[in-house]
Amino acid sequence: MKIETGRRAFVDHPLVQLTLVRFREFRREPEAVFWVFIFPILLAAGLGIAFRNRPAEVVRVGAESAQLASALRMEKTLAPEVVSREAGERGLRTGRIVLLALAGPQGGVVYRYDDTNPDGRAARLLAERAILRAAGVHDPAPESDSLVREPGSRYIDFLIPGLVGMNLMGSGMWGMGFTIVDARRRNLLKRLVATPMSRAQYLLSFLLSRLTLLFVEVAVLVGFGVAVFGTPLRGSLWELAALCVLSAFCFSALGLLTASRVRTIEAASGLMNAVMLPMWIASGVFFSAERFPAVVQPFIQALPLTAVANVLRANMIEGAGLAQVRGEVAIITAWLVVCFFVALRLFRWR
Amino acid sequence: MANGKVALRLRGLRKAYGDVVAVDGVDLDASAGECFALLGPNGAGKTTTIEICEGLLAADAGTVEVLGLTWETDARRLRQRLGVQLQETQLADKLTVEETLRLFRSFYERGPAVADVVAMVQLEEKTGAQVRHLSGGQKQRLAIACALVGDPDLLFLDEPTTGLDPQARRQMWELIEQFKRDGRTIILTTHYMDEAERLSDHVAIMDHGKVISLGTPRELIASIGADHVVEFATGGAALDVTVFEALKGVRRARADTGGFQLQVTELHLAVPALLDELDGRGIELTELRTHSATLEDVFVTLTGRHLRED
C-alpha cells in the first residue's frame with residue numbers, strides 16, 4: 001500500500017474538508033433548506049399581503065331622493081344610491097350601506113347611521129361636507145392631502161429587517177446547535193477528537209459555512225422584499241453586510257453556548273426554543289418592542305435580537321450609518337464575545 | 001516495526017466514576033506487532049481502559065505509555081500515529097463513504113490514498129453511498145477504515161464485532177487478520193471468547209476493573225488444567241456436584257443453568273464414568289455435549305460466571 005506524505009491539494013486541507021462537510025450536510029437536509037430559505041419568504045409574503053396598504057375605499061351610502069344623492073356625489077369617496085326608506089333601513093341592517101340620508105323637516109337632512117361603526121362616523125362627516133359643498137358653502141381654509149404610502153413607512157418595511165434578524169437567529173442557533181448536539185449524541189465528536197483534528201478548526205468550519213449561507217439567505221429575503229414590496233435599502237450595503245455577519249456570529253455563539261453540554265436532540269430543542277421564544281415575542285420582529293411596559297424595556301433592549309432588528313431597520317429604512325447604531329453594535333458584540341468564551345469553557349467534546 | 005518493542009505499557013491504572021471504580025489497578029504490556037485482546041463481560045472496565053490509552057479519558061492514577069510516548073507531553077504526535085475505532089460511533093448519515101474517509105484523511109499528515117483504504121475494507125461498490133444506506137457490517141468496516149487513514153502504528157478496536165451478524169463478524173475477523181499480517185499492532189476489546197481466541201496473541205481477562213488472568217490463549221486454557229468440558233442435563237433431578245467431581249478423569253464440576261458442567265482431563269474416561277453413575281442412580285440424561293476448553297471456560301473457572309449473561 002502506497003503511503004502519501006507531504007503537501008496536498010487545498011481541498012484536502014482539514015479546514016476545507018470540515019467546511020465542505022457543513023455544506024453537504026445542510027444541502028442534504030431538505031428541512032433545513034426549507035426553514036432557512038423558503039419559510040421566511042412565505043412568512044414575508046403572507047404578512048405582506050395581510051397588512052398591505054389598500055387604496056382608500058369608497059363608502060357606500062343610501063339617499064332617499066335623487067337630489068340628495070347628487071349632493072352627496074360632491075364627495076369623491078362617497079358612493080350614494082337612491083333607495084326607498086325601507087330598502088335603506090334594510091341596507092343599514094345588513095351592512096350593505098353604512099349611512100342613510102333622509103329628507104328632514106325644513107329642507108334639512110337626517111343621517112341614520114351606527115355611531116359605533118368607524119365607517120359610519122366617517123361617512124357622516126363626509127356626507128355633511130358634501131351637502132354643505134352642494135349648498136355653496138366653501139371650505140374656510142384651503143386644504144390639501146399628503147398621503148403616507150411611500151416605501152419605508154409601511155408595515156412590510158418594518159417587517160422585512162425584523163425577519164432578516166429572526167432568520168439570522170434561527171439559522172445561527174439551529175445550524176450550530178443541532179449539528180453539534182447530533183454529533184455528540186452519535187459519539188462523533190469523541191471520534192473526531194481521537195484524531196489529530198484541530199478543535200478550533202472544527203468550530204471555525206461552522207463560522208465559515210455560516211458566512212457563506214448567510215449571504216444567500218439574507219440576499220434571498222431582502223431581494224424578495226425589494227422585488228415584491230419595494231422595500232428600501234437606504235443605508236450602505238457594505239455596512240448592512242457587516243451588520244449581518246456580526247449578527248450571524250453573535251447567534252452562532254449563542255447556539256454554541258446552548259449546545260455546549262446537551263447530549264440529546266430533545267433537550268437541545270427545548271433549550272433552543274426557551275432561549276429564542278422570549279426574543280420572538282419581545283424583540284420587535286412583528287410589532288414594535290416599545291409596546292412593552294417601560295419597566296421591562298431595559299431587558300428587552302439588551303436582547304440580541306432586539307439590537308439586531310434595530311440595527312437592520314436603522315440601516316435599511318433610515319439609512320443610518322454605523323456610528324448611529326454603535327450602542328446596538330456594542331450589545332451584539334458583547335453577546336458574541338461572552339457567549340463564545342463561556343461556551344468554550346463549558347463545551348463537552350465527549 | 002520490530003517485534004519485542006513495547007507498544008503499550010500500563011502501570012497501576014485507576015479510574016473511578018463517583019463511587020464506581022471502573023478500572024482498579026491495571027498493569028499491561030503489549031508488544032509491537034502483536035494483537036492484544038482485553039476480554040471480559042460488559043462493565044469489566046475494558047472500554048474505560050482503552051479510552052485512557054487513546055487519550056480520551058484521564059486516569060485518576062497510574063501511568064500510560066503509548067509507543068514510548070505519554071499523553072501529557074506528546075499528545076499531538078501520538079494522535080498522528082494512532083488509529084481508533086470507538087464503540088458505538090455513528091458516523092454522519094448524510095455523508096458518503098468517500099466523503100467521510102476524505103474528511104478523516106485530511107486530519108493526518110501521512111497515510112494511504114482514500115481509494116486504497118476503501119479497497120482494504122472492501123467497500124469499493126459503496127464509495128458513493130451515503131452512510132445511512134450502509135448495512136451494520138459495512139458501517140463497521142467504514143469505522144475501521146476511518147481508523148486506518150493515518151497509517152497507524154497502533155490500532156485500537158473497541159468491540160469491533162458487537163452487534164454484527166455471523167457473516168459480518170467473520171468478514172471483520174478476516175480484515176483484522178489481514179492487519180496482523182501487515183504487521184500492525186492491535187489492541188482489541190471484546191466479550192466474545194472465540195474472537196479473542198482466534199485473533200489475539202495475548203489476552204488479558206478483565207473483570208470488575210481488574211486483570212484476573214493474562215497470557216496467550218493457549219496458556220490461559222491450559223491454566224484450568226482440563227482440556228475438555230462436558231455439559232449435561234438431567235430431567236431436573238436434584239444432585240450434589242461433589243458426586244461428579246469424584247468421577248474418573250473429572251477435574252472440576254459445577255451446577256450450571258439448567259444442568260451441570262464438568263471440566264475433564266480425560267474425555268474417554270470421564271464420559272463412560274458419568275453415564276455409569278447416572279445409570280446406577282436411575283437418572284435420565286436429557287442432554288450431553290462436549291467441547292474443547294475455551295477462554296469462556298477459563299472465565300467461568302475464575303469467576304463462576306459466564307462472559308455474556310444472556
# chains A, B, ... in the order shown; residues from 1 in each chain; ligands from 1
>>> closest_atom_pairs(of="chain A", to="chain B", cutoff="12 Å", atoms="only C-alpha atoms", output="JSON lines")
{"residue": "A:Met1", "atom": "CA", "partner": "B:Pro112", "partner_atom": "CA", "distance": 6.8}
{"residue": "A:Lys2", "atom": "CA", "partner": "B:Pro112", "partner_atom": "CA", "distance": 5.8}
{"residue": "A:Ile3", "atom": "CA", "partner": "B:Pro112", "partner_atom": "CA", "distance": 4.4}
{"residue": "A:Glu4", "atom": "CA", "partner": "B:Gly111", "partner_atom": "CA", "distance": 5.4}
{"residue": "A:Thr5", "atom": "CA", "partner": "B:Arg110", "partner_atom": "CA", "distance": 4.5}
{"residue": "A:Gly6", "atom": "CA", "partner": "B:Glu109", "partner_atom": "CA", "distance": 7.0}
{"residue": "A:Arg7", "atom": "CA", "partner": "B:Glu109", "partner_atom": "CA", "distance": 8.6}
{"residue": "A:Arg8", "atom": "CA", "partner": "B:Ser106", "partner_atom": "CA", "distance": 9.2}
{"residue": "A:Ala9", "atom": "CA", "partner": "B:Ser106", "partner_atom": "CA", "distance": 10.1}
{"residue": "A:Phe10", "atom": "CA", "partner": "B:Ser106", "partner_atom": "CA", "distance": 10.3}
{"residue": "A:Val11", "atom": "CA", "partner": "B:Ser106", "partner_atom": "CA", "distance": 9.1}
{"residue": "A:Asp12", "atom": "CA", "partner": "B:Ser106", "partner_atom": "CA", "distance": 5.5}
{"residue": "A:His13", "atom": "CA", "partner": "B:Ser106", "partner_atom": "CA", "distance": 5.9}
{"residue": "A:Pro14", "atom": "CA", "partner": "B:Ser106", "partner_atom": "CA", "distance": 4.9}
{"residue": "A:Leu15", "atom": "CA", "partner": "B:Ser106", "partner_atom": "CA", "distance": 8.6}
{"residue": "A:Val16", "atom": "CA", "partner": "B:Ser106", "partner_atom": "CA", "distance": 9.0}
{"residue": "A:Gln17", "atom": "CA", "partner": "B:Leu103", "partner_atom": "CA", "distance": 5.5}
{"residue": "A:Leu18", "atom": "CA", "partner": "B:Leu103", "partner_atom": "CA", "distance": 6.7}
{"residue": "A:Thr19", "atom": "CA", "partner": "B:Leu103", "partner_atom": "CA", "distance": 9.9}
{"residue": "A:Leu20", "atom": "CA", "partner": "B:Leu103", "partner_atom": "CA", "distance": 9.1}
{"residue": "A:Val21", "atom": "CA", "partner": "B:Leu95", "partner_atom": "CA", "distance": 7.5}
{"residue": "A:Arg22", "atom": "CA", "partner": "B:Leu95", "partner_atom": "CA", "distance": 10.0}
{"residue": "A:Phe23", "atom": "CA", "partner": "B:Leu95", "partner_atom": "CA", "distance": 10.6}
{"residue": "A:Arg24", "atom": "CA", "partner": "B:Leu95", "partner_atom": "CA", "distance": 7.2}
{"residue": "A:Glu25", "atom": "CA", "partner": "B:Lys94", "partner_atom": "CA", "distance": 6.0}
{"residue": "A:Phe26", "atom": "CA", "partner": "B:Lys94", "partner_atom": "CA", "distance": 9.2}
{"residue": "A:Arg27", "atom": "CA", "partner": "B:Lys94", "partner_atom": "CA", "distance": 9.5}
{"residue": "A:Arg28", "atom": "CA", "partner": "B:Lys94", "partner_atom": "CA", "distance": 6.6}
{"residue": "A:Glu29", "atom": "CA", "partner": "B:Lys94", "partner_atom": "CA", "distance": 8.2}
{"residue": "A:Pro30", "atom": "CA", "partner": "B:Lys94", "partner_atom": "CA", "distance": 11.4}
{"residue": "A:Thr179", "atom": "CA", "partner": "B:Ala92", "partner_atom": "CA", "distance": 10.0}
{"residue": "A:Ile180", "atom": "CA", "partner": "B:Ala92", "partner_atom": "CA", "distance": 11.4}
{"residue": "A:Asp182", "atom": "CA", "partner": "B:Ala92", "partner_atom": "CA", "distance": 9.1}
{"residue": "A:Ala183", "atom": "CA", "partner": "B:Ala92", "partner_atom": "CA", "distance": 7.6}
{"residue": "A:Arg184", "atom": "CA", "partner": "B:Thr89", "partner_atom": "CA", "distance": 9.7}
{"residue": "A:Arg185", "atom": "CA", "partner": "B:Gln90", "partner_atom": "CA", "distance": 8.8}
{"residue": "A:Arg186", "atom": "CA", "partner": "B:Gln90", "partner_atom": "CA", "distance": 5.0}
{"residue": "A:Asn187", "atom": "CA", "partner": "B:Thr89", "partner_atom": "CA", "distance": 5.0}
{"residue": "A:Leu188", "atom": "CA", "partner": "B:Thr89", "partner_atom": "CA", "distance": 5.9}
{"residue": "A:Leu189", "atom": "CA", "partner": "B:Thr89", "partner_atom": "CA", "distance": 9.2}
{"residue": "A:Lys190", "atom": "CA", "partner": "B:Leu56", "partner_atom": "CA", "distance": 7.7}
{"residue": "A:Arg191", "atom": "CA", "partner": "B:Leu86", "partner_atom": "CA", "distance": 6.8}
{"residue": "A:Leu192", "atom": "CA", "partner": "B:Phe104", "partner_atom": "CA", "distance": 8.2}
{"residue": "A:Val193", "atom": "CA", "partner": "B:Leu56", "partner_atom": "CA", "distance": 7.8}
{"residue": "A:Ala194", "atom": "CA", "partner": "B:Leu56", "partner_atom": "CA", "distance": 6.7}
{"residue": "A:Thr195", "atom": "CA", "partner": "B:Arg79", "partner_atom": "CA", "distance": 5.7}
{"residue": "A:Pro196", "atom": "CA", "partner": "B:Arg79", "partner_atom": "CA", "distance": 5.0}
{"residue": "A:Met197", "atom": "CA", "partner": "B:Phe107", "partner_atom": "CA", "distance": 5.2}
{"residue": "A:Ser198", "atom": "CA", "partner": "B:Phe107", "partner_atom": "CA", "distance": 8.1}
{"residue": "A:Arg199", "atom": "CA", "partner": "B:Phe107", "partner_atom": "CA", "distance": 11.1}
{"residue": "A:Gln201", "atom": "CA", "partner": "B:Phe107", "partner_atom": "CA", "distance": 10.6}
{"residue": "A:Tyr202", "atom": "CA", "partner": "B:Phe107", "partner_atom": "CA", "distance": 10.9}
{"residue": "A:Arg348", "atom": "CA", "partner": "B:Leu56", "partner_atom": "CA", "distance": 11.9}
{"residue": "A:Trp349", "atom": "CA", "partner": "B:Leu56", "partner_atom": "CA", "distance": 9.6}
{"residue": "A:Arg350", "atom": "CA", "partner": "B:Leu56", "partner_atom": "CA", "distance": 8.4}
>>> write_last_selection(atoms="C-alpha atoms", output="tab-separated table (two decimals), in the first residue's frame")
chain	number	residue	atom	x	y	z
A	1	MET	CA	0.00	0.00	0.00
A	2	LYS	CA	1.35	3.38	-1.01
A	3	ILE	CA	1.66	5.97	1.73
A	4	GLU	CA	1.21	9.62	0.76
A	5	THR	CA	3.19	12.25	2.61
A	6	GLY	CA	3.94	15.94	2.31
A	7	ARG	CA	1.89	18.70	0.69
A	8	ARG	CA	-1.56	18.08	-0.64
A	9	ALA	CA	-4.27	19.86	-2.55
A	10	PHE	CA	-6.02	22.87	-0.99
A	11	VAL	CA	-9.28	20.95	-0.96
A	12	ASP	CA	-7.72	18.31	1.31
A	13	HIS	CA	-6.83	20.84	3.99
A	14	PRO	CA	-8.76	19.82	7.12
A	15	LEU	CA	-10.49	23.19	7.44
A	16	VAL	CA	-11.69	22.98	3.84
A	17	GLN	CA	-12.89	19.41	4.32
A	18	LEU	CA	-14.70	20.29	7.55
A	19	THR	CA	-16.38	23.26	5.89
A	20	LEU	CA	-17.39	21.15	2.87
A	21	VAL	CA	-18.97	18.67	5.27
A	22	ARG	CA	-21.05	21.50	6.75
A	23	PHE	CA	-22.36	22.42	3.29
A	24	ARG	CA	-23.06	18.83	2.33
A	25	GLU	CA	-24.96	18.12	5.50
A	26	PHE	CA	-27.00	21.29	5.07
A	27	ARG	CA	-27.76	20.65	1.42
A	28	ARG	CA	-28.84	17.07	2.10
A	29	GLU	CA	-31.24	18.12	4.84
A	30	PRO	CA	-34.37	19.27	3.00
A	179	THR	CA	-25.28	19.75	14.29
A	180	ILE	CA	-23.09	19.78	17.39
A	182	ASP	CA	-26.26	15.45	16.96
A	183	ALA	CA	-22.53	14.80	16.59
A	184	ARG	CA	-22.17	14.49	20.36
A	185	ARG	CA	-25.13	12.12	20.60
A	186	ARG	CA	-23.59	9.93	17.91
A	187	ASN	CA	-20.21	9.86	19.70
A	188	LEU	CA	-18.91	11.50	16.55
A	189	LEU	CA	-17.43	14.44	18.47
A	190	LYS	CA	-15.49	11.98	20.61
A	191	ARG	CA	-14.37	10.11	17.49
A	192	LEU	CA	-13.16	13.37	15.93
A	193	VAL	CA	-11.14	14.39	18.97
A	194	ALA	CA	-9.47	10.98	18.82
A	195	THR	CA	-7.94	12.14	15.51
A	196	PRO	CA	-5.33	14.88	15.19
A	197	MET	CA	-8.14	17.27	14.12
A	198	SER	CA	-7.76	20.79	15.50
A	199	ARG	CA	-10.76	21.60	17.69
A	201	GLN	CA	-10.76	24.34	13.06
A	202	TYR	CA	-13.82	22.23	13.77
A	348	ARG	CA	-18.11	18.94	26.22
A	349	TRP	CA	-16.37	17.06	23.44
A	350	ARG	CA	-17.49	13.61	24.53
>>> residues_around(residues="A:Ala282", least_positions_apart="3", cutoff="8 Å", atoms="only C-alpha atoms", output="mmCIF file with N, CA and C atoms, in the first residue's frame")
data_model
loop_
_atom_site.group_PDB
_atom_site.id
_atom_site.type_symbol
_atom_site.label_atom_id
_atom_site.label_comp_id
_atom_site.auth_asym_id
_atom_site.auth_seq_id
_atom_site.Cartn_x
_atom_site.Cartn_y
_atom_site.Cartn_z
ATOM 1 N N PRO A 278 -38.511 34.090 24.010
ATOM 2 C CA PRO A 278 -38.668 35.465 24.508
ATOM 3 C C PRO A 278 -38.303 36.496 23.450
ATOM 4 N N MET A 279 -37.332 36.152 22.612
ATOM 5 C CA MET A 279 -36.910 37.123 21.602
ATOM 6 C C MET A 279 -37.909 37.213 20.454
ATOM 7 N N VAL A 285 -39.863 41.915 16.275
ATOM 8 C CA VAL A 285 -39.812 41.440 14.891
ATOM 9 C C VAL A 285 -41.123 41.774 14.189
ATOM 10 N N ALA A 289 -41.095 46.773 19.724
ATOM 11 C CA ALA A 289 -40.777 46.346 21.090
ATOM 12 C C ALA A 289 -41.194 47.410 22.091
ATOM 13 N N PHE A 292 -44.072 47.236 24.859
ATOM 14 C CA PHE A 292 -43.996 46.608 26.174
ATOM 15 C C PHE A 292 -43.788 47.683 27.236
ATOM 16 N N ILE A 300 -35.501 44.159 27.410
ATOM 17 C CA ILE A 300 -35.813 43.916 26.000
ATOM 18 C C ILE A 300 -34.739 44.526 25.105
ATOM 19 N N THR A 306 -33.305 42.085 19.647
ATOM 20 C CA THR A 306 -33.791 43.466 19.629
ATOM 21 C C THR A 306 -32.743 44.356 18.982
#
>>> select_by_dssp(residues="stretch 38-69 of chain B", states="alpha helix (DSSP H)", output="list of chain:residue names")
B:Lys46, B:Thr47, B:Thr48, B:Thr49, B:Ile50, B:Glu51, B:Ile52, B:Cys53
>>> write_last_selection(atoms="C-alpha atoms", output="tab-separated table (two decimals), in the first residue's frame")
chain	number	residue	atom	x	y	z
B	46	LYS	CA	-12.33	-2.65	29.06
B	47	THR	CA	-13.65	0.44	27.32
B	48	THR	CA	-12.52	2.76	30.10
B	49	THR	CA	-9.04	1.23	29.91
B	50	ILE	CA	-8.83	1.56	26.14
B	51	GLU	CA	-10.17	5.12	26.18
B	52	ILE	CA	-7.49	6.12	28.66
B	53	CYS	CA	-4.93	4.59	26.27
>>> closest_residue(among="B:Glu284, B:Glu125, B:Glu231, B:Asp29", to="B:Arg11", atoms="only C-alpha atoms")
B:Asp29
>>> closest_residue(among="B:Asp27, B:Glu287, B:Asp194, B:Glu34", to="B:Gly236", atoms="only C-alpha atoms")
B:Glu287
>>> atom_distance(atom1="atom CA of B:Gly33", atom2="atom CA of B:Ala145")
19.0 Å
>>> select_by_dssp(residues="stretch 32-187 of chain B", states="strand (DSSP E or B)", output="NGL selection string")
:B and (35-39 or 61-66 or 69 or 82-85 or 96 or 111-112 or 130 or 154-158 or 185-187)
>>> residues_around(residues="stretch 257-265 of chain B", least_positions_apart="6", cutoff="8 Å", atoms="only C-alpha atoms", output="list in words")
Gly225, Ala226, Asp227, His228, Val229, Val230, Glu231, Phe232, Ala233, Thr234, Gly236, Val241, Phe244, Glu245, Gly249, Val250, Arg251 and Ala293 of chain B
>>> write_last_selection(atoms="C-alpha atoms", output="PDB file, in the first residue's frame")
ATOM      1  CA  GLY B 225      -5.845 -27.988  33.824  1.00  0.00           C
ATOM      2  CA  ALA B 226      -8.612 -29.603  31.792  1.00  0.00           C
ATOM      3  CA  ASP B 227      -8.701 -29.934  28.018  1.00  0.00           C
ATOM      4  CA  HIS B 228     -12.397 -30.706  27.689  1.00  0.00           C
ATOM      5  CA  VAL B 229     -15.716 -29.642  29.020  1.00  0.00           C
ATOM      6  CA  VAL B 230     -18.715 -31.916  29.370  1.00  0.00           C
ATOM      7  CA  GLU B 231     -22.114 -30.315  29.755  1.00  0.00           C
ATOM      8  CA  PHE B 232     -25.180 -32.369  30.547  1.00  0.00           C
ATOM      9  CA  ALA B 233     -28.707 -32.016  31.795  1.00  0.00           C
ATOM     10  CA  THR B 234     -30.914 -34.401  33.693  1.00  0.00           C
ATOM     11  CA  GLY B 236     -34.477 -31.816  36.781  1.00  0.00           C
ATOM     12  CA  VAL B 241     -21.993 -31.783  42.274  1.00  0.00           C
ATOM     13  CA  PHE B 244     -19.315 -35.865  39.778  1.00  0.00           C
ATOM     14  CA  GLU B 245     -16.041 -34.418  40.998  1.00  0.00           C
ATOM     15  CA  GLY B 249     -10.985 -38.049  34.634  1.00  0.00           C
ATOM     16  CA  VAL B 250     -13.084 -35.150  36.039  1.00  0.00           C
ATOM     17  CA  ARG B 251     -11.213 -32.189  37.434  1.00  0.00           C
ATOM     18  CA  ALA B 293     -11.955 -25.999  26.699  1.00  0.00           C
TER      19      ALA B 293
END
>>> residues_around(residues="B:Glu98", least_positions_apart="4", cutoff="9 Å", atoms="only C-alpha atoms", output="PDB file with C-alpha atoms, in the first residue's frame")
ATOM      1  CA  ARG B 102     -11.563  12.077   2.849  1.00  0.00           C
ATOM      2  CA  LEU B 103     -12.509  14.147   5.898  1.00  0.00           C
ATOM      3  CA  VAL B 114      -8.688   7.132   0.232  1.00  0.00           C
ATOM      4  CA  ALA B 115      -9.280   4.682  -2.627  1.00  0.00           C
ATOM      5  CA  VAL B 118     -11.776   1.731   0.607  1.00  0.00           C
ATOM      6  CA  LYS B 126     -20.298   1.654  -1.760  1.00  0.00           C
ATOM      7  CA  THR B 127     -17.854   4.530  -2.309  1.00  0.00           C
ATOM      8  CA  GLY B 128     -20.597   6.935  -3.378  1.00  0.00           C
ATOM      9  CA  ALA B 129     -23.275   5.657  -0.996  1.00  0.00           C
ATOM     10  CA  GLN B 130     -24.371   7.727   1.992  1.00  0.00           C
TER      11      GLN B 130
END
>>> residues_around(residues="A:Val275", least_positions_apart="3", cutoff="10 Å", atoms="only C-alpha atoms", output="PDB file with C-alpha atoms, in the first residue's frame")
ATOM      1  CA  MET A 173     -28.646  28.784  16.556  1.00  0.00           C
ATOM      2  CA  LEU A 254     -25.368  31.781  21.402  1.00  0.00           C
ATOM      3  CA  GLY A 255     -26.112  28.483  19.630  1.00  0.00           C
ATOM      4  CA  THR A 258     -26.803  26.468  24.159  1.00  0.00           C
ATOM      5  CA  SER A 269     -34.693  21.619  21.002  1.00  0.00           C
ATOM      6  CA  GLY A 270     -36.260  22.560  24.302  1.00  0.00           C
ATOM      7  CA  LEU A 271     -33.316  24.683  25.317  1.00  0.00           C
ATOM      8  CA  MET A 272     -33.086  26.419  21.918  1.00  0.00           C
ATOM      9  CA  PRO A 278     -38.668  35.465  24.508  1.00  0.00           C
ATOM     10  CA  MET A 279     -36.910  37.123  21.602  1.00  0.00           C
ATOM     11  CA  TRP A 280     -39.539  36.102  19.063  1.00  0.00           C
TER      12      TRP A 280
END
